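Notes for the one structure printed next.
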Amino acid sequence: MSRFSKTSLTAALMGAVVALSGGAAVADGKFGGVGRPATAAEIHAWDIDVRPDFKGLRPGSGSVDQGQEVWEAKCASCHGSFGESNEVHTPLIGGTTKDDIKTGHVLSLVKGDAPQRSAIMKVATVSTLFDYINRAMPLTSPKSLSNDEVYGLVAYLLNLAEIVPADFVLTDKNIAEAQARMPNRNGMTTQHGMWPGAPASKGGIGNGGKPDVKNTACMSNCKTEVKVASLLPVYAETAHGNLAEQNRPVGPVRGKDTSGKAAPAATPVPMSDNAAAAKLASDSGCMACHGVANKIVGPGYTEVAAKYKGQSDAEGKLVAKVKAGGQGVWGAVPMPPQGQLKDGDVRSLVKWILSGAKAQ
């Protein structure tokens with residue numbers, strides 16, 4: 001939201017709300033009796049963005065300890081107790097140093113030596129943390145946090161990154177102090193083509209609309225066949241380990257197996273039904289959220305089997321739940337629909353789970 005002035009954003013919101021409520025029709029005399037102009041209180045409830053200069057910030061306060069309590073109750077299931085992730089999301093905290101806090105530049109972003117970029121390495125403003133948490137978290141119930149809870153959560157994250165001490169209480173009065181210690185506060189630039197307005201040379205903060213690149217689009221004699229022009233040299237494939245192990249087990253992307261241990265093409269060894277189902281669960285990303293005997297994000301499969309034991313309609317219920325997704329039976333974290341799985345594969349997985357999820 002930092003690219004827009006607070007006034008223009010409020011005006012845009014007023015226009016949108018008034019139009020949706022029918023207030024515009026009332027104003028010009030058309031469709032009399034339909035709708036009404038939005039009230040100041042209704043607009044205030046919508047206008048919740050927070051700018052980097054903290055315009056729009058609502059009054060409130062929250063300590064690190066208070067934030068930790070809210071975090072454990074509503075955030076840790078997806079982000080880990082210390083923002084380190086738990087295979088659901090990438091890390092929020094890590095990769096910054098005390099020197100970064102002094103300089104406002106995260107050195108590992110320049111050197112590229114961090115094993116993985118965390119959110120605190122990249123974000124430049126505290127307002128970004130506050131605004132995003134306030135609008136979008138927790139995932140299962142956005143906008144349900146109070147102002148004080150958001151202040152506490154931001155304080156807890158800042159403490160995990162050693163930006164503020166453990167006894168710190170974040171408020172609307174001292175949030176600028178925390179901003180002055182953000183590790184990447186000086187790592188952002190507006191001198192690029194995506195930032196509008198007058199350039200710095202003329203007293204502005206933009207780049208004058210100058211594009212980042214210059215070219216003339218060619219839309220004739222287009223190639224009809226894609227040819228690979230270059231490949232990673234074989235000797236460099238393992239420079240950073242096995243690529244196949246560096247992808248998350250969910251989503252469409254899979255890395256090439258560069259371990260050199262891939263089984264040679266030979267007569268496939270027949271697998272038992274249990275082994276085939278276990279492999280299907282692993283290949284489909286199910287094991288990222290479910291252990292066989294332990295809970296990860298969702299319940300362990302043996303726990304699911306115990307819950308549905310003896311129910312004649314258990315298989316049909318679970319097949320429908322896997323395909324459509326669901327929430328509430330095993331906690332607040334939702335299970336997304338698995339529509340990419342074939343019906344036969346879903347039924348095989350469900351039968352395997354209900355039979356005890358044995359590997360062999």
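Residue numbers start at 1 in each chain; chains themselves are named A, B, ... in the order of the structure tokens; ligands are numbered from 1 in the order shown.
Residues of region 21-77 of chain A that DSSP, applied to the backbone, places in alpha helix (DSSP H): Ser21, Gly23, Ala24, Ala25, Val26, Ala27, Ala40, Ala41, Glu42, Ile43, His44, Ala45, Trp46, Val64, Asp65, Gln66, Gly67, Gln68, Glu69, Val70, Trp71, Glu72, Ala73, Lys74, Ala76 and Ser77 of chain A.
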Emit the selected residues as a JSON list (two decimals), in the first residue's frame, including N, CA and C atoms.
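As a result, again.json now contains:
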[["chain", "number", "residue", "atom", "x", "y", "z"],
["A", 21, "SER", "N", -23.02, 0.18, -2.21],
["A", 21, "SER", "CA", -24.19, 0.31, -1.34],
["A", 21, "SER", "C", -25.35, 1.00, -2.04],
["A", 23, "GLY", "N", -25.23, 4.19, -2.90],
["A", 23, "GLY", "CA", -25.20, 5.60, -2.55],
["A", 23, "GLY", "C", -25.06, 6.50, -3.76],
["A", 24, "ALA", "N", -24.32, 6.04, -4.78],
["A", 24, "ALA", "CA", -24.15, 6.84, -5.98],
["A", 24, "ALA", "C", -25.48, 7.06, -6.68],
["A", 25, "ALA", "N", -26.31, 6.03, -6.67],
["A", 25, "ALA", "CA", -27.62, 6.14, -7.30],
["A", 25, "ALA", "C", -28.48, 7.16, -6.55],
["A", 26, "VAL", "N", -28.36, 7.18, -5.22],
["A", 26, "VAL", "CA", -29.12, 8.14, -4.42],
["A", 26, "VAL", "C", -28.67, 9.56, -4.75],
["A", 27, "ALA", "N", -27.33, 9.72, -4.90],
["A", 27, "ALA", "CA", -26.78, 11.05, -5.12],
["A", 27, "ALA", "C", -27.26, 11.67, -6.42],
["A", 40, "ALA", "N", -19.14, 7.13, 7.99],
["A", 40, "ALA", "CA", -17.72, 7.29, 8.31],
["A", 40, "ALA", "C", -17.19, 6.07, 9.07],
["A", 41, "ALA", "N", -18.02, 5.49, 9.94],
["A", 41, "ALA", "CA", -17.59, 4.31, 10.70],
["A", 41, "ALA", "C", -17.38, 3.11, 9.79],
["A", 42, "GLU", "N", -18.24, 2.95, 8.78],
["A", 42, "GLU", "CA", -18.09, 1.83, 7.85],
["A", 42, "GLU", "C", -16.82, 1.98, 7.01],
["A", 43, "ILE", "N", -16.55, 3.20, 6.59],
["A", 43, "ILE", "CA", -15.32, 3.44, 5.82],
["A", 43, "ILE", "C", -14.10, 3.21, 6.70],
["A", 44, "HIS", "N", -14.19, 3.65, 7.95],
["A", 44, "HIS", "CA", -13.08, 3.47, 8.89],
["A", 44, "HIS", "C", -12.77, 1.98, 9.09],
["A", 45, "ALA", "N", -13.81, 1.15, 9.10],
["A", 45, "ALA", "CA", -13.61, -0.29, 9.29],
["A", 45, "ALA", "C", -12.90, -0.91, 8.09],
["A", 46, "TRP", "N", -13.12, -0.38, 6.90],
["A", 46, "TRP", "CA", -12.46, -0.89, 5.69],
["A", 46, "TRP", "C", -11.03, -0.35, 5.57],
["A", 64, "VAL", "N", 6.16, -8.89, 23.99],
["A", 64, "VAL", "CA", 6.72, -10.11, 23.39],
["A", 64, "VAL", "C", 6.06, -11.34, 24.00],
["A", 65, "ASP", "N", 5.88, -11.35, 25.31],
["A", 65, "ASP", "CA", 5.26, -12.50, 25.97],
["A", 65, "ASP", "C", 3.82, -12.70, 25.53],
["A", 66, "GLN", "N", 3.07, -11.61, 25.41],
["A", 66, "GLN", "CA", 1.69, -11.71, 24.94],
["A", 66, "GLN", "C", 1.65, -12.23, 23.51],
["A", 67, "GLY", "N", 2.57, -11.75, 22.70],
["A", 67, "GLY", "CA", 2.63, -12.21, 21.32],
["A", 67, "GLY", "C", 2.95, -13.69, 21.22],
["A", 68, "GLN", "N", 3.82, -14.18, 22.10],
["A", 68, "GLN", "CA", 4.17, -15.60, 22.08],
["A", 68, "GLN", "C", 2.95, -16.47, 22.39],
["A", 69, "GLU", "N", 2.12, -16.03, 23.33],
["A", 69, "GLU", "CA", 0.92, -16.80, 23.66],
["A", 69, "GLU", "C", -0.02, -16.89, 22.46],
["A", 70, "VAL", "N", -0.23, -15.78, 21.77],
["A", 70, "VAL", "CA", -1.08, -15.77, 20.59],
["A", 70, "VAL", "C", -0.46, -16.62, 19.48],
["A", 71, "TRP", "N", 0.86, -16.50, 19.34],
["A", 71, "TRP", "CA", 1.59, -17.25, 18.31],
["A", 71, "TRP", "C", 1.40, -18.75, 18.49],
["A", 72, "GLU", "N", 1.59, -19.24, 19.70],
["A", 72, "GLU", "CA", 1.47, -20.68, 19.95],
["A", 72, "GLU", "C", 0.05, -21.17, 19.69],
["A", 73, "ALA", "N", -0.93, -20.31, 19.96],
["A", 73, "ALA", "CA", -2.32, -20.72, 19.80],
["A", 73, "ALA", "C", -2.79, -20.65, 18.35],
["A", 74, "LYS", "N", -2.28, -19.68, 17.57],
["A", 74, "LYS", "CA", -2.88, -19.43, 16.26],
["A", 74, "LYS", "C", -1.90, -19.44, 15.08],
["A", 76, "ALA", "N", 1.73, -21.07, 15.28],
["A", 76, "ALA", "CA", 2.82, -22.05, 15.29],
["A", 76, "ALA", "C", 2.52, -23.29, 14.47],
["A", 77, "SER", "N", 1.25, -23.64, 14.31],
["A", 77, "SER", "CA", 0.91, -24.87, 13.58],
["A", 77, "SER", "C", 1.36, -24.79, 12.13]]
* If we count only C-alpha atoms, what is near region 183-189 of chain A at a cut-off of 9 Å, once residues fewer than 6 positions away on the same chain are taken out, given as a PyMOL selection string? -> chain A and resi 96-106+120-125+163
Export of prior selection with C-alpha atoms as a short mmCIF file (atom, residue, chain, number, x, y, z; two decimals), in the first residue's frame:
data_model
loop_
_atom_site.label_atom_id
_atom_site.label_comp_id
_atom_site.auth_asym_id
_atom_site.auth_seq_id
_atom_site.Cartn_x
_atom_site.Cartn_y
_atom_site.Cartn_z
CA THR A 96 20.18 -11.78 9.87
CA THR A 97 22.96 -10.61 12.19
CA LYS A 98 23.60 -7.83 14.70
CA ASP A 99 25.74 -6.08 12.07
CA ASP A 100 22.76 -6.13 9.69
CA ILE A 101 20.68 -4.38 12.35
CA LYS A 102 23.37 -1.69 12.63
CA THR A 103 23.73 -1.10 8.89
CA GLY A 104 20.19 -1.74 7.68
CA HIS A 105 21.54 -4.02 4.94
CA VAL A 106 21.32 -7.82 5.14
CA ILE A 120 12.83 -11.01 8.05
CA MET A 121 15.83 -10.94 5.70
CA LYS A 122 13.78 -9.31 2.95
CA VAL A 123 11.10 -7.16 4.58
CA ALA A 124 12.19 -3.52 4.97
CA THR A 125 9.39 -2.04 7.06
CA ILE A 163 15.66 -6.67 16.86
#
Residues of region 210-311 of chain A within 10 Å of region 338-347 of chain A: nearest atom pair and distance (Å, one decimal) for each, counting only C-alpha atoms, sorted by chain and number, as a tab-separated table?
residue	atom	partner	partner_atom	distance
A:Ala277	CA	A:Asp345	CA	8.3
A:Leu280	CA	A:Asp345	CA	7.8
A:Ala281	CA	A:Asp345	CA	9.3
A:Ser284	CA	A:Leu341	CA	8.0
A:Cys286	CA	A:Gln338	CA	9.6
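Separating CA of Lys143 (chain A) from CA of Ser63 (chain A) is a distance of 19.8 Å.
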* Asked: Interatomic distance between CA of Ile296 (chain A) and CA of Leu243 (chain A)?
  -> 24.1 Å
Considering only C-alpha atoms, return as a compact mmCIF listing (two decimals) with N, CA and C atoms, in the first residue's frame whatever protein or nucleic-acid residues lie within 10 Å of region 226-241 of chain A, sequence-local ones (same chain, fewer than 3 positions apart) excluded.
# COMPACT_ATOMS: atom_id res chain seq x y z
N LYS A 223 8.77 -18.93 -33.51
CA LYS A 223 9.17 -20.32 -33.57
C LYS A 223 8.02 -21.21 -33.10
N ALA A 244 16.73 -33.12 -6.39
CA ALA A 244 15.40 -33.69 -6.12
C ALA A 244 15.03 -33.53 -4.65
N GLU A 245 16.01 -33.43 -3.78
CA GLU A 245 15.74 -33.31 -2.35
C GLU A 245 15.56 -31.86 -1.91
N GLN A 246 15.69 -30.93 -2.85
CA GLN A 246 15.62 -29.51 -2.49
C GLN A 246 14.30 -28.87 -2.89
N LYS A 256 15.40 -32.56 -10.58
CA LYS A 256 16.02 -33.73 -11.18
C LYS A 256 16.83 -34.49 -10.13
N ASP A 257 16.75 -35.80 -10.15
CA ASP A 257 17.53 -36.62 -9.24
C ASP A 257 18.98 -36.63 -9.71
N THR A 258 19.84 -35.91 -8.97
CA THR A 258 21.26 -35.83 -9.35
C THR A 258 22.14 -36.60 -8.37
N SER A 259 21.53 -37.51 -7.62
CA SER A 259 22.30 -38.26 -6.63
C SER A 259 23.18 -39.33 -7.27
N GLY A 260 22.85 -39.71 -8.50
CA GLY A 260 23.58 -40.78 -9.16
C GLY A 260 23.21 -42.15 -8.64
* Asked: Ala275 (chain A): which residues within 7 Å, counting only C-alpha atoms, same-chain residues fewer than 4 positions away excluded, as a PyMOL selection string?
  -> chain A and resi 271+279+359-360
* Pick from A:Ala306, A:Ala161, A:Ala136, A:Leu349: nearest to Ser118 (chain A), with only C-alpha atoms counted? -> A:Ala161
* **Test item: residues at most 8 Å from Val350 (chain A), only C-alpha atoms, excluding those fewer than 4 positions along its chain, as a count of residues only** => 5
* To do: Please provide as an MDAnalysis selection string all residues within 10 Å of Pro337 (chain A), with the sequence filter that same-chain residues fewer than 5 positions apart are discarded (counting only C-alpha atoms).
  => chainID A and resid 320:326
Would you mind exporting C-alpha atoms of the selected residues as a tab-separated table (two decimals), in the first residue's frame?
chain	number	residue	atom	x	y	z
A	320	ALA	CA	-15.30	-37.18	-0.28
A	321	LYS	CA	-13.23	-35.29	2.31
A	322	VAL	CA	-9.94	-35.84	0.46
A	323	LYS	CA	-11.45	-34.60	-2.81
A	324	ALA	CA	-13.33	-31.61	-1.36
A	325	GLY	CA	-11.06	-30.66	1.55
A	326	GLY	CA	-12.32	-29.80	5.00
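The space between CA of Gln179 (chain A) and CA of Arg58 (chain A) spans 16.5 Å.
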* Have a look at A:Leu107, A:Ala332, A:Ala166, A:Cys75 and name the one nearest to Pro138 (chain A); count only C-alpha atoms. => A:Cys75
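All residues in region 118-329 of chain A with a DSSP state of strand (DSSP E or B), computed from the backbone, read Val169, Leu170, Thr171, Pro199, Gly206, His290, Lys295 and Gly326 of chain A.
Residues surrounding Asn207 (chain A) within 6 Å are Gln191, His192, Gly193 and Pro199 of chain A [only C-alpha atoms; sequence separation below 4 positions excluded].
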